[in-house]
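K.L.:
Before we start, here is the structure in question, set down as structure tokens.
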Protein chains: 4
Amino acid sequence: MKVAVLGATGVVGRTFVKLLENHPWFKVEKLVASERSAGKRYGEIVEDSPEEFKDYTIIGLKEFLEDPGVDLVFNALPASISKEVEEKLAQEIPVFTNARSHRYDEDVPILVPEVNSDHLKLVEVQRKRRKWRGFIVTNPNCSTAILTVSLAPLRAFGIKKVRVATMQAISGAGFSGLSAYAIHDNVIPFINGEEWKIENESRKILGKFTGDKVEPAEIEVAAIATRVPVLHGHTEAVFVELEKFDIEEIREAFENFDPLRSLELPSYEKPIVYTEIPQPRLHRDRGKGLTVTVGRLQEISGGIKYVVLGHNLVRGAAGGSILNAELAYKLGII
Amino acid sequence: MKVAVLGATGVVGRTFVKLLENHPWFKVEKLVASERSAGKRYGEIVEDSPEEFKDYTIIGLKEFLEDPGVDLVFNALPASISKEVEEKLAQEIPVFTNARSHRYDEDVPILVPEVNSDHLKLVEVQRKRRKWRGFIVTNPNCSTAILTVSLAPLRAFGIKKVRVATMQAISGAGFSGLSAYAIHDNVIPFINGEEWKIENESRKILGKFTGDKVEPAEIEVAAIATRVPVLHGHTEAVFVELEKFDIEEIREAFENFDPLRSLELPSYEKPIVYTEIPQPRLHRDRGKGLTVTVGRLQEISGGIKYVVLGHNLVRGAAGGSILNAELAYKLGII
Amino acid sequence: MKVAVLGATGVVGRTFVKLLENHPWFKVEKLVASERSAGKRYGEIVEDSPEEFKDYTIIGLKEFLEDPGVDLVFNALPASISKEVEEKLAQEIPVFTNARSHRYDEDVPILVPEVNSDHLKLVEVQRKRRKWRGFIVTNPNCSTAILTVSLAPLRAFGIKKVRVATMQAISGAGFSGLSAYAIHDNVIPFINGEEWKIENESRKILGKFTGDKVEPAEIEVAAIATRVPVLHGHTEAVFVELEKFDIEEIREAFENFDPLRSLELPSYEKPIVYTEIPQPRLHRDRGKGLTVTVGRLQEISGGIKYVVLGHNLVRGAAGGSILNAELAYKLGII
Amino acid sequence: MKVAVLGATGVVGRTFVKLLENHPWFKVEKLVASERSAGKRYGEIVEDSPEEFKDYTIIGLKEFLEDPGVDLVFNALPASISKEVEEKLAQEIPVFTNARSHRYDEDVPILVPEVNSDHLKLVEVQRKRRKWRGFIVTNPNCSTAILTVSLAPLRAFGIKKVRVATMQAISGAGFSGLSAYAIHDNVIPFINGEEWKIENESRKILGKFTGDKVEPAEIEVAAIATRVPVLHGHTEAVFVELEKFDIEEIREAFENFDPLRSLELPSYEKPIVYTEIPQPRLHRDRGKGLTVTVGRLQEISGGIKYVVLGHNLVRGAAGGSILNAELAYKLGII
């Protein structure tokens with residue numbers, strides 16, 4: 001399938017491009033970015049561009065929209081312009097997007113294949129309702145993606161409450177979204193909109209598909225989001241109250257969680273690896289960035305506490321989105 | 001009163017020495033350290049020693065124990081050797097200690113003046129039981145000190161559960177307790193014994209003095225402790241379930257919390273300042289390091305979430321201990 | 001004297017304001033900034049504003065220029081708008097500026113009081129030539145200021161060549177001039193224009209005042225400028241070839257360098273302190289940021305090598321500029 | 001050839017092991033470490049051990065020395081114990097070592113294949129003199145390795161003087177050689193013995209093999225070595241005076257430097273890549289860590305200035321040593 005990456009020069013866009021190099025199903029044909037970059041060689045702007053794409057000429061967004069000419073779009077554009085762009089494209093073409101613009105639409109899934117692959121069925125509702133030949137599938141906010149992968153195996157134990165404190169990496173703010181002066185020797189416990197996203201996206205992702213929409217899970221989720229001086233990899237300290245639990249069974253549930261193995265998706269990796277002391281610098285690249293690392297599991301009154309971390313740009317953004325597309329492809333939806 | 005500082009060359013000991021410079025009630029007479037430093041000038045080992053102490057000759061611990069000759073001891077020695085040293089000294093001399101060795105003894109208070117000044121009465125129990133002329137008063141573990149100051153004004157709202165994730169500074173591990181290779185570009189969600197301390201010390205500090213001992217508070221406390229690449233200042237993300245609450249009243253309770261103002265203790269500072277986005281680099285030195293900064297207060301289902309931070313070496317160690325001694329002095333106990 | 005600080009909300013401007021609190025000669029009357037901040041309380045924008053200035057209303061630059069009403073201006077505006085602003089103001093008012101706009105004008109001194117106080121005489125040339133009642137005095141680029149203070153005592157040994165590699169702090173780029181993503185776990189050996197400034201400003205500062213201009217010193221200066229992940233404090237590795245030298249005499253020359261002590265300028269501090277291993281985190285605040293720390297002095301073939309560091313915002317910007325104004329005041333020029 | 005890695009659990013030792021995985025000529029048979037690790041699984045101690053070596057049982061040094069049973073030894077032990085160990089082993093077996101113990105022996109080469117491959121001939125002198133069947137070949141100190149690769153193409157322009165300031169990474173000090181408290185938000189311009197090594201090893205490496213020894217190059221080298229908060233990758237600011245030069249020719253000399261291409265050594269990579277702004281985080285892994293990156297080349301009076309960086313553990317240690325062994329193998333010396 002011919003693929004375009006929108007926002008290909010940003011920090012998420014570059015990750016898309018890197019991960020799509022030599023992809024067996026998706027062939028990147030177009031690298032799209034703002035007018036400022038249009039016409040330049042991709043390798044001129046992206047020093048560490050994969051060899052394959054170095055000589056691609058970047059296409060301006062406007063020009064692209066006039067004649068997309070691809071079968072599939074991955075979107076890494078900022079939310080501010082994504083809404084309109086995605087709606088235009090989705091009339092004809094499937095759009096897998098990292099932008100938040102449509103995440104909260106009733107007929108748009110926030111998809112994490114290992115967690116809620118059945119939500120992909122929302123696409124049919126969406127197509128029908130919007131009269132589109134394409135569709136929009138979103139992946140969650142980065143810290144939510146990591147969190148929900150770790151929560152998925154806990155569903156068997158009856159999740160009641162989740163309290164999560166995140167320690168998020170610099171790259172989550174983009175290339176220039178965070179000043180060095182602000183974060184150096186510091187922790188900043190504020191990321192605009194992040195806590196709301198974690199709390200609400202988690203409940204939607206863990207929710208139940210009822211045929212024409214998703215009923216959010218009745219789980220209390222409360223989040224405190226902080227930024228820490230780490231380049232890549234969001235670390236999350238999680239407290240979960242459960243209906244019933246046995247700490248050893250939970251550990252096994254983490255270790256054995258591997259729900260889509262049989263689908264043989266090209267990017268699929270074991271979603272969770274258990275390690276006693278998860279650390280972003282050591283473990284963020286596990287499973288090419290798609291594996292989250294869980295550790296420090298301990299019992300507390302009424303539940304458990306643990307730490308989970310994952311690569312914010314891969315598991316939490318581009319990698320998750322590509323996995324979404326692979327799932328759709330495998331299921332014959334695209 | 002003549003004072004000795006034990007462990008005066010370590011990171012906490014230096015903080016004691018700095019804070020005691022020009023103290024109106026306590027005159028540092030002896031700087032005590034391991035045999036390795038004994039006989040050297042304090043200024044030779046401690047580059048940024050206060051002028052007053054530069055030419056003090058460091059006394060070896062063994063020599064000091066043979067003839068203390070002071071009215072008061074502040075102890076910043078490692079826990080491993082503190083138990084014995086403190087018990088020997090306390091037979092004659094009041095000991096205010098940052099070591100954990102006696103924190104969990106039934107007749108030894110873990111004192112945070114703004115939180116549980118009445119626990120100081122345990123000293124009488126202790127003296128009687130142990131037949132000591134002196135006594136031992138401990139201050140809590142650094143992250144517990146910061147946490148409990150923030151919890152104190154919440155008691156009026158009926159604290160039921162506390163979930164806290166800490167982001168602790170490098171200096172909490174001492175000068176050489178943490179390798180640069182380990183923490184650089186990293187978060188390490190493991191600090192030996194720390195979570196247990198937070199969970200248990202908090203309950204003792206917030207507990208009820210019953211005449212001859214302290215009944216731990218019946219609060220569920222669960223902690224996840226992490227180390228982050230910040231020099232000084234522990235940041236804590238806190239979720240609290242309360243029996244009843246009004247978010248505005250809680251904010252006021254934080255802002256108005258000032259219980260010992262009238263005692264006019266020399267080191268006393270407003271214990272809590274509320275700031276929208278607390279950040280260790282910006283706020284750790286507030287109130288000369290004794291003020292904790294609370295912020296990001298928000299309502300969650302059944303309670304609140306907020307962020308608190310404080311200076312681990314001052315509020316969380318030497319400063320808290322000095323405040324303890326000042327309280328004892330003011331109340332005529334020493 | 002009534003003083004205005006231009007650009008008072010930037011990183012250098014804030015340093016001016018902090019240093020001018022309670023100044024015995026200069027009374028800050030006006031805090032001037034861009035139209036964006038105009039009308040707001042200074043304390044609203046600058047969280048750690050000195051108490052004295054918290055309730056000052058920020059004045060927009062345009063409004064200020066219409067009616068300055070002060071005796072002295074300190075300028076921390078960006079170079080891009082400084083040229084015009086300074087020339088307008090200097091017609092009537094002395095301007096001490098951190099901007100580079102006029103540094104290379106023949107009749108404008110780049111002043112470092114301890115190094116070239118006689119260059120202040122250029123002001124007379126300037127006034128006459130430009131028919132101004134006021135004048136412009138610049139301080140050098142931050143890394144040049146630090147370097148030249150360390151070179152001053154070496155003039156007695158005949159400086160022939162200087163090779164300097166700088167390791168400059170984040171705050172030198174302003175609040176948002178450097179992205180965290182760029183500098184995290186990195187060294188960036190490029191700061192736009194910096195090397196040229198070091199090479200040329202040094203030669204002018206060390207040059208000879210000939211009555212109507214400054215003849216640049218005939219010293220070869222070559223610089224490589226890098227940015228490192230340090231908050232404040234520029235560290236510089238310096239190699240100097242000298243006509244003659246004795247390593248012990250040079251050490252003494254560093255230690256004894258104290259040329260303006262007798263003038264009793266309010267901000268004056270010993271310009272150089274010698275410490276075996278100078279380190280920015282430990283020594284940048286020496287002498288309230290005006291003292292540079294020299295160390296690691298060793299002989300090499302034909303000269304010496306050493307390390308010098310200083311506070312880029314104080315010695316390298318606002319503090320140096322205030323010292324310039326104090327010198328001018330003391331000498332009766334303002 | 002059967003290979004043993006000595007000191008296999010340290011930071012350099014692990015790099016040896018990683019680089020030797022699947023090596024076409026050298027088969028790691030034995031992983032040797034201190035008695036403390038002996039008997040444990042390699043994967044138990046080294047979390048990120050290559051799959052191939054995870055189940056190797058670590059052999060204690062003493063046991064190994066009793067019966068080496070390999071054809072080749074790579075040594076990553078600390079210098080303190082290396083001298084004796086190497087001399088014992090070299091009686092029978094070729095030893096390629098990262099330790100400095102024998103670097104300054106007249107009959108031991110400090111080898112950087114791209115720079116002084118002819119110095120390998122010293123091995124014959126060594127064998128004869130010492131009556132050994134094996135021999136010792138050292139690689140230089142990490143910062144020297146990087147520097148000399150960049151100096152090699154400059155020899156054609158007549159190197160007269162070198163002034164170099166290094167900004168060295170944390171991993172150069174080993175896992176626990178540097179405390180986080182020391183280097184956080186800091187630059188430390190002192191690394192024990194480093195400057196002497198750079199100055200003297202460079203001159204030996206660039207020296208002339210005269211048949212039975214190496215005559216050090218008559219180049220003045222002066223170094224200032226600093227530690228900066230970067231994980232891997234030493235950056236060096238270099239000033240070189242040359243007998244003659246043309247800046248464009250020099251750039252080409254850097255870009256075209258590729259002296260051993262034709263030997264087809266398995267680990268060989270282009271030794272130098274020219275990039276305008278070399279940065280350790282971006283470029284340290286170039287050429288699997290064997291390529292140094294040169295940039296910022298500019299003319300100065302009498303010569304040039306430039307920046308070079310390389311991976312301290314690969315180019316500067318294990319990778320260089322393996323390349324040395326490959327050269328010896330190719331030339332039939334082992």
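Just so we're on the same page: first chain in the structure tokens is A, next is B, and so on; residues restart at 1 for each chain, and ligands are numbered from 1 in the order they show up.
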Quick check: residues of chain D within 6 Å of chain C, only C-alpha atoms, returned as a list in words.
P.N.:
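The answer, sorted by residue number, is Asp185, Asn186, Val187, Ile188, Val230, Gln279, Pro280 and Arg281 of chain D.
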K.L.:
Give me a file of those residues, with all heavy atoms, as a tab-separated table (two decimals), in the first residue's frame.
P.N.:
chain	number	residue	atom	x	y	z
D	185	ASP	N	24.81	19.12	36.70
D	185	ASP	CA	24.82	20.57	36.48
D	185	ASP	C	26.23	21.14	36.63
D	185	ASP	O	26.42	22.19	37.23
D	185	ASP	CB	23.84	21.23	37.47
D	185	ASP	CG	23.66	22.73	37.20
D	185	ASP	OD1	23.79	23.15	36.04
D	185	ASP	OD2	23.39	23.48	38.16
D	186	ASN	N	27.21	20.45	36.12
D	186	ASN	CA	28.58	20.84	36.39
D	186	ASN	C	29.52	20.45	35.25
D	186	ASN	O	29.17	19.64	34.39
D	186	ASN	CB	29.05	20.14	37.70
D	186	ASN	CG	30.13	20.91	38.43
D	186	ASN	OD1	30.46	22.04	38.07
D	186	ASN	ND2	30.69	20.30	39.46
D	187	VAL	N	30.67	21.05	35.26
D	187	VAL	CA	31.80	20.64	34.43
D	187	VAL	C	32.95	20.44	35.41
D	187	VAL	O	33.15	21.29	36.27
D	187	VAL	CB	32.17	21.74	33.41
D	187	VAL	CG1	33.51	21.44	32.75
D	187	VAL	CG2	31.08	21.91	32.37
D	188	ILE	N	33.67	19.34	35.31
D	188	ILE	CA	34.79	19.12	36.23
D	188	ILE	C	36.08	19.09	35.42
D	188	ILE	O	36.35	18.12	34.71
D	188	ILE	CB	34.64	17.80	37.00
D	188	ILE	CG1	33.28	17.77	37.74
D	188	ILE	CG2	35.78	17.62	38.01
D	188	ILE	CD1	33.02	16.47	38.49
D	230	VAL	N	27.54	14.17	29.97
D	230	VAL	CA	27.15	13.48	28.74
D	230	VAL	C	27.43	12.00	29.00
D	230	VAL	O	28.44	11.68	29.62
D	230	VAL	CB	27.96	14.01	27.54
D	230	VAL	CG1	27.86	13.08	26.34
D	230	VAL	CG2	27.53	15.42	27.17
D	279	GLN	N	28.13	16.53	17.41
D	279	GLN	CA	27.52	16.53	18.75
D	279	GLN	C	27.50	15.10	19.28
D	279	GLN	O	27.05	14.19	18.59
D	279	GLN	CB	26.09	17.06	18.67
D	279	GLN	CG	26.00	18.53	18.28
D	279	GLN	CD	24.60	18.94	17.92
D	279	GLN	OE1	23.72	18.98	18.76
D	279	GLN	NE2	24.37	19.21	16.65
D	280	PRO	N	27.93	14.91	20.53
D	280	PRO	CA	28.08	13.54	21.02
D	280	PRO	C	26.79	12.72	20.98
D	280	PRO	O	26.81	11.56	20.59
D	280	PRO	CB	28.62	13.72	22.45
D	280	PRO	CG	28.42	15.16	22.79
D	280	PRO	CD	28.38	15.92	21.51
D	281	ARG	N	25.67	13.31	21.38
D	281	ARG	CA	24.46	12.48	21.41
D	281	ARG	C	24.04	12.06	20.01
D	281	ARG	O	23.51	10.97	19.81
D	281	ARG	CB	23.29	13.23	22.08
D	281	ARG	CG	22.21	12.27	22.55
D	281	ARG	CD	20.99	13.00	23.07
D	281	ARG	NE	20.16	13.49	22.00
D	281	ARG	CZ	19.54	14.66	22.00
D	281	ARG	NH1	19.68	15.49	23.02
D	281	ARG	NH2	18.79	15.03	20.98
K.L.:
When DSSP is applied to the backbone of this structure, which of range 246-298 of chain C are assigned helix (DSSP H, G or I)? Write them out as a ChimeraX atom specification.
P.N.:
/C:247-256,261-263,280-283,286-289
K.L.:
Any chance you could tabulate, as a Markdown table, the residues of range 168-225 of chain A at most 10 Å from range 11-26 of chain A with each one's nearest atom pair and distance in Å to one decimal, using only C-alpha atoms, in chain and rising number order?
P.N.:
| residue | atom | partner | partner_atom | distance |
| --- | --- | --- | --- | --- |
| A:Ser171 | CA | A:Val11 | CA | 7.3 |
| A:Gly172 | CA | A:Val11 | CA | 8.5 |
| A:Ala173 | CA | A:Val11 | CA | 8.9 |
| A:Gly174 | CA | A:Val11 | CA | 5.6 |
| A:Phe175 | CA | A:Val11 | CA | 6.2 |
| A:Ser176 | CA | A:Val11 | CA | 9.6 |
K.L.:
Check range 98-237 of chain D with DSSP on the backbone and list each residue it calls strand (DSSP E or B), as JSON, numbers by chain.
P.N.:
{"D": [110, 135, 136, 137, 138, 159, 160, 161, 162, 163, 164, 165, 166, 167, 168, 179, 188, 208, 209, 214, 215, 220, 221, 222, 223, 224, 225, 226, 227, 234, 235, 236, 237]}
K.L.:
At a cut-off of 8 Å, using only C-alpha atoms, what residues contact Gly134 in chain C? Leave out same-chain residues fewer than 5 positions from it and give the result as a PDB file with N, CA and C atoms, in the first residue's frame.
P.N.:
ATOM      1  N   LEU C  89      18.214  57.197  23.171  1.00  0.00           N
ATOM      2  CA  LEU C  89      18.349  57.528  24.596  1.00  0.00           C
ATOM      3  C   LEU C  89      19.648  58.263  24.897  1.00  0.00           C
ATOM      4  N   ALA C  90      20.729  57.855  24.248  1.00  0.00           N
ATOM      5  CA  ALA C  90      22.053  58.389  24.587  1.00  0.00           C
ATOM      6  C   ALA C  90      22.200  59.862  24.221  1.00  0.00           C
ATOM      7  N   GLN C  91      21.283  60.346  23.436  1.00  0.00           N
ATOM      8  CA  GLN C  91      21.338  61.785  23.160  1.00  0.00           C
ATOM      9  C   GLN C  91      21.233  62.584  24.459  1.00  0.00           C
ATOM     10  N   GLU C  92      20.516  62.008  25.415  1.00  0.00           N
ATOM     11  CA  GLU C  92      20.306  62.724  26.687  1.00  0.00           C
ATOM     12  C   GLU C  92      20.841  61.979  27.909  1.00  0.00           C
ATOM     13  N   ILE C  93      20.851  60.644  27.840  1.00  0.00           N
ATOM     14  CA  ILE C  93      21.049  59.848  29.055  1.00  0.00           C
ATOM     15  C   ILE C  93      22.176  58.832  28.869  1.00  0.00           C
ATOM     16  N   PRO C  94      22.976  58.651  29.895  1.00  0.00           N
ATOM     17  CA  PRO C  94      23.977  57.580  29.823  1.00  0.00           C
ATOM     18  C   PRO C  94      23.295  56.213  29.759  1.00  0.00           C
ATOM     19  N   VAL C  95      23.791  55.404  28.830  1.00  0.00           N
ATOM     20  CA  VAL C  95      23.241  54.066  28.635  1.00  0.00           C
ATOM     21  C   VAL C  95      24.348  53.040  28.875  1.00  0.00           C
ATOM     22  N   ARG C 127      30.902  61.549  23.024  1.00  0.00           N
ATOM     23  CA  ARG C 127      29.990  62.679  23.240  1.00  0.00           C
ATOM     24  C   ARG C 127      30.266  63.816  22.276  1.00  0.00           C
TER      25      ARG C 127
END
K.L.:
What lies within 7 Å of range 247-260 of chain D using only C-alpha atoms, ignoring chain neighbours under 4 positions off, as a PDB file with all heavy atoms, in the first residue's frame?
P.N.:
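Saved the output as selection_19.pdb:
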ATOM      1  N   GLU D 114      44.506   3.080  11.897  1.00  0.00           N
ATOM      2  CA  GLU D 114      44.445   4.071  10.821  1.00  0.00           C
ATOM      3  C   GLU D 114      45.574   5.091  10.907  1.00  0.00           C
ATOM      4  O   GLU D 114      45.784   5.868   9.984  1.00  0.00           O
ATOM      5  CB  GLU D 114      43.110   4.828  10.875  1.00  0.00           C
ATOM      6  CG  GLU D 114      41.889   3.943  10.671  1.00  0.00           C
ATOM      7  CD  GLU D 114      41.332   3.422  11.983  1.00  0.00           C
ATOM      8  OE1 GLU D 114      42.137   3.295  12.946  1.00  0.00           O
ATOM      9  OE2 GLU D 114      40.128   3.162  12.050  1.00  0.00           O
ATOM     10  N   PRO D 153      45.268  12.722   9.284  1.00  0.00           N
ATOM     11  CA  PRO D 153      45.308  13.350   7.957  1.00  0.00           C
ATOM     12  C   PRO D 153      45.988  14.725   7.958  1.00  0.00           C
ATOM     13  O   PRO D 153      46.275  15.264   6.889  1.00  0.00           O
ATOM     14  CB  PRO D 153      43.835  13.473   7.565  1.00  0.00           C
ATOM     15  CG  PRO D 153      43.067  13.335   8.825  1.00  0.00           C
ATOM     16  CD  PRO D 153      43.904  12.550   9.776  1.00  0.00           C
ATOM     17  N   LYS D 270      34.768   3.811   8.037  1.00  0.00           N
ATOM     18  CA  LYS D 270      35.411   5.053   7.645  1.00  0.00           C
ATOM     19  C   LYS D 270      35.826   5.769   8.930  1.00  0.00           C
ATOM     20  O   LYS D 270      34.994   6.038   9.787  1.00  0.00           O
ATOM     21  CB  LYS D 270      34.428   5.900   6.834  1.00  0.00           C
ATOM     22  CG  LYS D 270      35.075   7.020   6.079  1.00  0.00           C
ATOM     23  CD  LYS D 270      34.114   7.605   5.051  1.00  0.00           C
ATOM     24  CE  LYS D 270      34.761   8.760   4.296  1.00  0.00           C
ATOM     25  NZ  LYS D 270      35.492   9.732   5.143  1.00  0.00           N
ATOM     26  N   PRO D 271      37.118   6.099   9.083  1.00  0.00           N
ATOM     27  CA  PRO D 271      37.554   6.613  10.394  1.00  0.00           C
ATOM     28  C   PRO D 271      37.033   8.010  10.728  1.00  0.00           C
ATOM     29  O   PRO D 271      36.844   8.331  11.873  1.00  0.00           O
ATOM     30  CB  PRO D 271      39.082   6.626  10.289  1.00  0.00           C
ATOM     31  CG  PRO D 271      39.435   5.949   9.022  1.00  0.00           C
ATOM     32  CD  PRO D 271      38.235   5.871   8.156  1.00  0.00           C
ATOM     33  N   ILE D 272      36.812   8.829   9.688  1.00  0.00           N
ATOM     34  CA  ILE D 272      36.374  10.207   9.923  1.00  0.00           C
ATOM     35  C   ILE D 272      35.185  10.541   9.032  1.00  0.00           C
ATOM     36  O   ILE D 272      35.207  10.256   7.841  1.00  0.00           O
ATOM     37  CB  ILE D 272      37.518  11.215   9.606  1.00  0.00           C
ATOM     38  CG1 ILE D 272      38.692  11.015  10.564  1.00  0.00           C
ATOM     39  CG2 ILE D 272      37.008  12.650   9.683  1.00  0.00           C
ATOM     40  CD1 ILE D 272      39.900  11.896  10.264  1.00  0.00           C
ATOM     41  N   VAL D 273      34.174  11.133   9.620  1.00  0.00           N
ATOM     42  CA  VAL D 273      33.108  11.748   8.832  1.00  0.00           C
ATOM     43  C   VAL D 273      33.069  13.221   9.203  1.00  0.00           C
ATOM     44  O   VAL D 273      33.183  13.563  10.379  1.00  0.00           O
ATOM     45  CB  VAL D 273      31.746  11.075   9.089  1.00  0.00           C
ATOM     46  CG1 VAL D 273      30.598  11.922   8.548  1.00  0.00           C
ATOM     47  CG2 VAL D 273      31.708   9.692   8.449  1.00  0.00           C
ATOM     48  N   TYR D 274      32.960  14.064   8.216  1.00  0.00           N
ATOM     49  CA  TYR D 274      32.899  15.497   8.474  1.00  0.00           C
ATOM     50  C   TYR D 274      31.441  15.953   8.534  1.00  0.00           C
ATOM     51  O   TYR D 274      30.652  15.687   7.632  1.00  0.00           O
ATOM     52  CB  TYR D 274      33.630  16.293   7.380  1.00  0.00           C
ATOM     53  CG  TYR D 274      33.776  17.745   7.781  1.00  0.00           C
ATOM     54  CD1 TYR D 274      34.903  18.188   8.475  1.00  0.00           C
ATOM     55  CD2 TYR D 274      32.763  18.669   7.527  1.00  0.00           C
ATOM     56  CE1 TYR D 274      35.023  19.506   8.891  1.00  0.00           C
ATOM     57  CE2 TYR D 274      32.873  19.987   7.943  1.00  0.00           C
ATOM     58  CZ  TYR D 274      34.003  20.398   8.617  1.00  0.00           C
ATOM     59  OH  TYR D 274      34.113  21.700   9.044  1.00  0.00           O
ATOM     60  N   GLU D 299      39.891  28.350   9.822  1.00  0.00           N
ATOM     61  CA  GLU D 299      41.272  28.798   9.808  1.00  0.00           C
ATOM     62  C   GLU D 299      41.546  29.720  10.990  1.00  0.00           C
ATOM     63  O   GLU D 299      40.697  30.518  11.367  1.00  0.00           O
ATOM     64  CB  GLU D 299      41.506  29.557   8.491  1.00  0.00           C
ATOM     65  CG  GLU D 299      42.938  29.875   8.247  1.00  0.00           C
ATOM     66  CD  GLU D 299      43.167  30.452   6.843  1.00  0.00           C
ATOM     67  OE1 GLU D 299      42.371  30.119   5.927  1.00  0.00           O
ATOM     68  OE2 GLU D 299      44.098  31.237   6.693  1.00  0.00           O
TER      69      GLU D 299
END
K.L.:
Need the shell around Thr291 in chain D: protein/DNA/RNA residues with any atom at most 10 Å away, counting only C-alpha atoms. Skip same-chain ones fewer than 5 positions apart. Format as a list in words?
P.N.:
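In the requested form, the answer reads Ile146, Val149, Tyr268, Glu269, Lys270, Pro271, Ile272, Val273, His283, Arg284, Asp285, Arg286, Leu309, Gly310, His311, Val314 and Arg315 of chain D.
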K.L.:
When you look at range 65-68 of chain D with a cut-off of 12 Å (counting only C-alpha atoms), what residues show up, excluding the ones that are within fewer than 3 positions of it in the same chain? I need them as a PyMOL selection string.
P.N.:
chain D and resi 2-6+29-34+59-62+71-73+84-95
K.L.:
Just want the 10 Å neighbourhood of range 198-214 of chain A, counted on only C-alpha atoms, with same-chain residues fewer than 6 positions away dropped. Output as a PyMOL selection string.
P.N.:
chain A and resi 103-112+115-126+139-145+147-149+151-152+155+162-164+166+220-225
K.L.:
Please compute the CA of Lys244 in chain C-CA of Gly303 in chain C distance, one decimal, in Å.
P.N.:
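Computing the Euclidean distance for CA of Lys244 in chain C and CA of Gly303 in chain C yields 7.8 Å.
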K.L.:
Between CA of Gly10 in chain C and CA of Ala328 in chain C, what is the spacing in Å?
P.N.:
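Computing it gives 25.1 Å between the two atoms.
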K.L.:
Quote the spacing between CA of Gly177 in chain D and CA of Asn192 in chain D in Å to one decimal place.
P.N.:
11.6 Å
